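Next up, coords.cif (mmCIF, C-alpha atoms):
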data_upload
loop_
_atom_site.label_atom_id
_atom_site.label_comp_id
_atom_site.auth_asym_id
_atom_site.auth_seq_id
_atom_site.Cartn_x
_atom_site.Cartn_y
_atom_site.Cartn_z
CA MET P 1 -55.42 7.79 9.20
CA ILE P 2 -57.18 11.12 9.77
CA ARG P 3 -58.16 9.97 13.24
CA PHE P 4 -54.50 9.24 14.05
CA TRP P 5 -53.42 12.76 13.04
CA TRP P 6 -56.27 14.31 14.99
CA ILE P 7 -55.31 12.41 18.16
CA PHE P 8 -51.63 13.18 17.56
CA GLY P 9 -52.47 16.89 17.20
CA VAL P 10 -54.44 16.91 20.45
CA ILE P 11 -51.54 15.24 22.28
CA VAL P 12 -49.04 17.77 20.89
CA LEU P 13 -51.26 20.72 21.86
CA PHE P 14 -51.82 19.34 25.35
CA SER P 15 -48.15 18.61 25.98
CA SER P 16 -47.02 22.00 24.64
CA SER P 17 -49.47 23.79 26.94
CA ILE P 18 -48.08 21.84 29.90
CA TYR P 19 -44.56 22.72 28.80
CA ALA P 20 -45.46 26.42 28.55
CA GLN P 21 -46.88 26.37 32.07
CA ASN P 22 -43.72 24.81 33.49
CA LYS P 23 -41.26 27.02 31.65
CA ALA P 24 -39.20 29.49 33.69
CA PHE P 25 -39.36 33.15 32.78
CA TYR P 26 -36.68 35.85 33.29
CA MET P 27 -37.08 39.25 31.71
CA SER P 28 -35.69 42.78 32.05
CA VAL P 29 -38.49 45.24 31.30
CA ASP P 30 -39.01 49.00 31.21
CA ALA P 31 -41.03 50.86 33.86
CA THR P 32 -44.29 50.72 31.87
CA THR P 33 -44.14 46.95 31.39
CA PHE P 34 -42.98 46.44 34.99
CA ASP P 35 -46.01 48.40 36.24
CA GLN P 36 -48.40 46.50 33.95
CA GLU P 37 -47.03 43.13 35.07
CA LEU P 38 -47.18 44.20 38.73
CA LYS P 39 -50.87 44.97 38.28
CA LYS P 40 -51.51 41.73 36.36
CA ASN P 41 -49.85 39.65 39.07
CA ARG P 42 -51.42 41.49 42.03
CA HIS P 43 -53.49 38.46 43.03
CA LYS P 44 -50.91 35.80 42.19
CA GLY P 45 -48.83 36.23 45.34
CA ARG P 46 -46.21 38.40 43.68
CA ILE P 47 -43.10 39.48 45.56
CA ILE P 48 -41.60 42.91 44.99
CA LEU P 49 -37.91 42.84 45.86
CA ASP P 50 -35.75 45.94 46.38
CA VAL P 51 -32.02 45.08 46.40
CA ARG P 52 -30.74 48.59 47.16
CA THR P 53 -28.81 49.78 50.21
CA SER P 54 -30.65 51.36 53.15
CA ARG P 55 -29.29 54.76 52.10
CA GLU P 56 -30.85 54.34 48.64
CA VAL P 57 -34.13 53.04 50.09
CA ALA P 58 -34.33 56.23 52.19
CA ARG P 59 -35.16 58.06 48.92
CA GLY P 60 -38.36 56.02 48.62
CA LYS P 61 -39.40 52.57 47.40
CA ILE P 62 -42.12 50.83 45.43
CA PRO P 63 -45.08 50.15 47.75
CA GLY P 64 -45.06 46.63 49.17
CA ALA P 65 -41.40 45.99 48.37
CA THR P 66 -39.25 43.80 50.61
CA VAL P 67 -35.72 45.11 50.97
CA ILE P 68 -32.78 42.70 50.79
CA ASP P 69 -29.53 44.64 50.30
CA TYR P 70 -27.51 43.02 47.50
CA TYR P 71 -24.24 43.99 49.17
CA LYS P 72 -25.03 42.67 52.66
CA ARG P 73 -23.73 39.34 53.89
CA GLY P 74 -26.32 36.58 53.57
CA PHE P 75 -28.01 37.99 50.45
CA LYS P 76 -28.18 34.62 48.71
CA GLN P 77 -29.46 32.89 51.87
CA LYS P 78 -32.26 35.46 52.16
CA LEU P 79 -33.17 34.90 48.51
CA ALA P 80 -33.34 31.16 49.18
CA GLN P 81 -36.09 31.80 51.76
CA LEU P 82 -38.41 33.27 49.10
CA ASP P 83 -41.00 31.14 47.29
CA LYS P 84 -39.40 30.19 43.96
CA ASN P 85 -42.77 29.65 42.28
CA ARG P 86 -44.21 33.11 42.93
CA PRO P 87 -43.67 35.98 40.45
CA ILE P 88 -40.75 38.13 41.63
CA PHE P 89 -40.42 41.79 40.64
CA ILE P 90 -36.89 42.95 41.37
CA TYR P 91 -35.27 46.37 41.19
CA CYS P 92 -32.29 48.42 42.33
CA ALA P 93 -31.24 52.02 41.68
CA ALA P 94 -30.28 51.73 37.99
CA GLY P 95 -30.98 48.11 36.98
CA VAL P 96 -27.52 46.55 37.27
CA ARG P 97 -27.56 44.89 40.72
CA SER P 98 -31.10 43.65 40.12
CA LEU P 99 -29.92 42.09 36.84
CA TRP P 100 -27.08 40.36 38.72
CA ALA P 101 -29.58 39.22 41.37
CA MET P 102 -31.93 37.92 38.66
CA ARG P 103 -29.07 35.84 37.24
CA LYS P 104 -28.41 34.37 40.71
CA MET P 105 -32.11 33.64 41.07
CA LYS P 106 -32.13 31.83 37.74
CA LYS P 107 -29.33 29.56 38.95
CA MET P 108 -31.24 29.02 42.20
CA GLY P 109 -34.35 27.82 40.34
CA PHE P 110 -36.70 30.79 40.62
CA ARG P 111 -39.38 30.54 37.93
CA TYR P 112 -40.74 34.02 37.14
CA VAL P 113 -38.52 37.07 37.58
CA PHE P 114 -39.10 40.54 36.17
CA ASN P 115 -36.20 42.99 36.45
CA LEU P 116 -36.88 46.75 36.32
CA LYS P 117 -34.45 47.53 33.49
CA TYR P 118 -33.48 51.13 34.38
CA GLY P 119 -34.12 50.86 38.10
CA PHE P 120 -35.93 52.85 40.73
CA GLU P 121 -34.60 56.21 39.59
CA ASP P 122 -36.27 55.78 36.20
CA TRP P 123 -39.46 54.56 37.93
CA ARG P 124 -39.49 57.65 40.15
CA LYS P 125 -38.77 60.08 37.30
CA LYS P 126 -41.68 58.63 35.32
CA ASN P 127 -44.02 59.24 38.30
CA TYR P 128 -44.96 55.64 38.98
CA PRO P 129 -46.14 55.03 42.56
CA PHE P 130 -43.53 54.98 45.31
CA THR P 131 -43.43 55.72 48.99
CA LYS P 132 -42.04 59.15 49.68
CA PRO P 133 -39.02 59.40 51.96
CA LYS P 134 -39.69 60.59 55.50
CA GLN P 135 -38.49 64.14 56.11
#
Structure rendered as structure tokens:
Amino acid sequence: MIRFWWIFGVIVLFSSSIYAQNKAFYMSVDATTFDQELKKNRHKGRIILDVRTSREVARGKIPGATVIDYYKRGFKQKLAQLDKNRPIFIYCAAGVRSLWAMRKMKKMGFRYVFNLKYGFEDWRKKNYPFTKPKQ
């Protein structure tokens, strides 16, 4: 009987670890957590996605970010071209458009999405790294 429970326990642990690995993950985080997760996922093929307009991007952007304007035609089609299994770090100016984009991405089957809760302006004010606008 003890042997049965031991084997059962091993099966439960194994299956729950597989489940945890396959679970999708969507989270809005503050600048500190966003930065920490960016660093943690540096070697995991992360994608940094800026969904601001070109006028907003002219103020600067997070290094390595790909810009896909949320308001431009074809936004969803451009999202669909991204690898859904790679960690995605998404931001906009204040955190609203990126939240909307994250919701779209969830429906599209993306697995790991981190939204910068208060957006690029908060990131910039807290002196996290960003490319300076050209003068």
For the contact check between range 42-63 of chain P and range 84-96 of chain P, emit one row per residue of range 42-63 of chain P within 7 Å, containing the shortest atom pair and the distance in Å rounded to one decimal, counting all atoms listed in the file, chain then rising number order, as CSV.
residue,atom,partner,partner_atom,distance
P:Gly45,CA,P:Arg86,CA,6.1
P:Arg46,CA,P:Pro87,CA,4.8
P:Ile47,CA,P:Ile88,CA,4.8
P:Ile48,CA,P:Phe89,CA,4.6
P:Leu49,CA,P:Ile90,CA,4.6
P:Asp50,CA,P:Tyr91,CA,5.2
P:Val51,CA,P:Cys92,CA,5.3
P:Arg52,CA,P:Cys92,CA,5.1
Open item on the list: Using all atoms listed in the file, can you tell me which of P:Lys40, P:Gln81, P:Ile68, P:Arg73 comes closest to Ser98 in chain P?
Closed with: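 Closest to Ser98 in chain P, using all atoms listed in the file: P:Ile68.
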- [ ] Please measure the separation of CA of Tyr26 in chain P and CA of Phe110 in chain P, giving the value in Å to one decimal.
- [x]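 Distance between the two atoms: 8.9 Å.
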Once the PyMOL selection byres ((chain P and resi 118-124) around 10) has been evaluated on this model, what residues remain selected, and can you format them as a compact mmCIF listing (two decimals) with C-alpha atoms, in the frame of the given file?
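As written to disk, expr22.txt reads:
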# COMPACT_ATOMS: atom_id res chain seq x y z
CA SER P 28 -35.69 42.78 32.05
CA VAL P 29 -38.49 45.24 31.30
CA ASP P 30 -39.01 49.00 31.21
CA ALA P 31 -41.03 50.86 33.86
CA THR P 32 -44.29 50.72 31.87
CA PHE P 34 -42.98 46.44 34.99
CA ASP P 35 -46.01 48.40 36.24
CA ASP P 50 -35.75 45.94 46.38
CA ARG P 52 -30.74 48.59 47.16
CA GLU P 56 -30.85 54.34 48.64
CA VAL P 57 -34.13 53.04 50.09
CA ARG P 59 -35.16 58.06 48.92
CA GLY P 60 -38.36 56.02 48.62
CA LYS P 61 -39.40 52.57 47.40
CA ILE P 62 -42.12 50.83 45.43
CA ILE P 90 -36.89 42.95 41.37
CA TYR P 91 -35.27 46.37 41.19
CA CYS P 92 -32.29 48.42 42.33
CA ALA P 93 -31.24 52.02 41.68
CA ALA P 94 -30.28 51.73 37.99
CA GLY P 95 -30.98 48.11 36.98
CA VAL P 96 -27.52 46.55 37.27
CA ARG P 97 -27.56 44.89 40.72
CA SER P 98 -31.10 43.65 40.12
CA LEU P 99 -29.92 42.09 36.84
CA ASN P 115 -36.20 42.99 36.45
CA LEU P 116 -36.88 46.75 36.32
CA LYS P 117 -34.45 47.53 33.49
CA LYS P 125 -38.77 60.08 37.30
CA LYS P 126 -41.68 58.63 35.32
CA ASN P 127 -44.02 59.24 38.30
CA TYR P 128 -44.96 55.64 38.98
CA PRO P 129 -46.14 55.03 42.56
CA PHE P 130 -43.53 54.98 45.31
CA THR P 131 -43.43 55.72 48.99
CA LYS P 132 -42.04 59.15 49.68
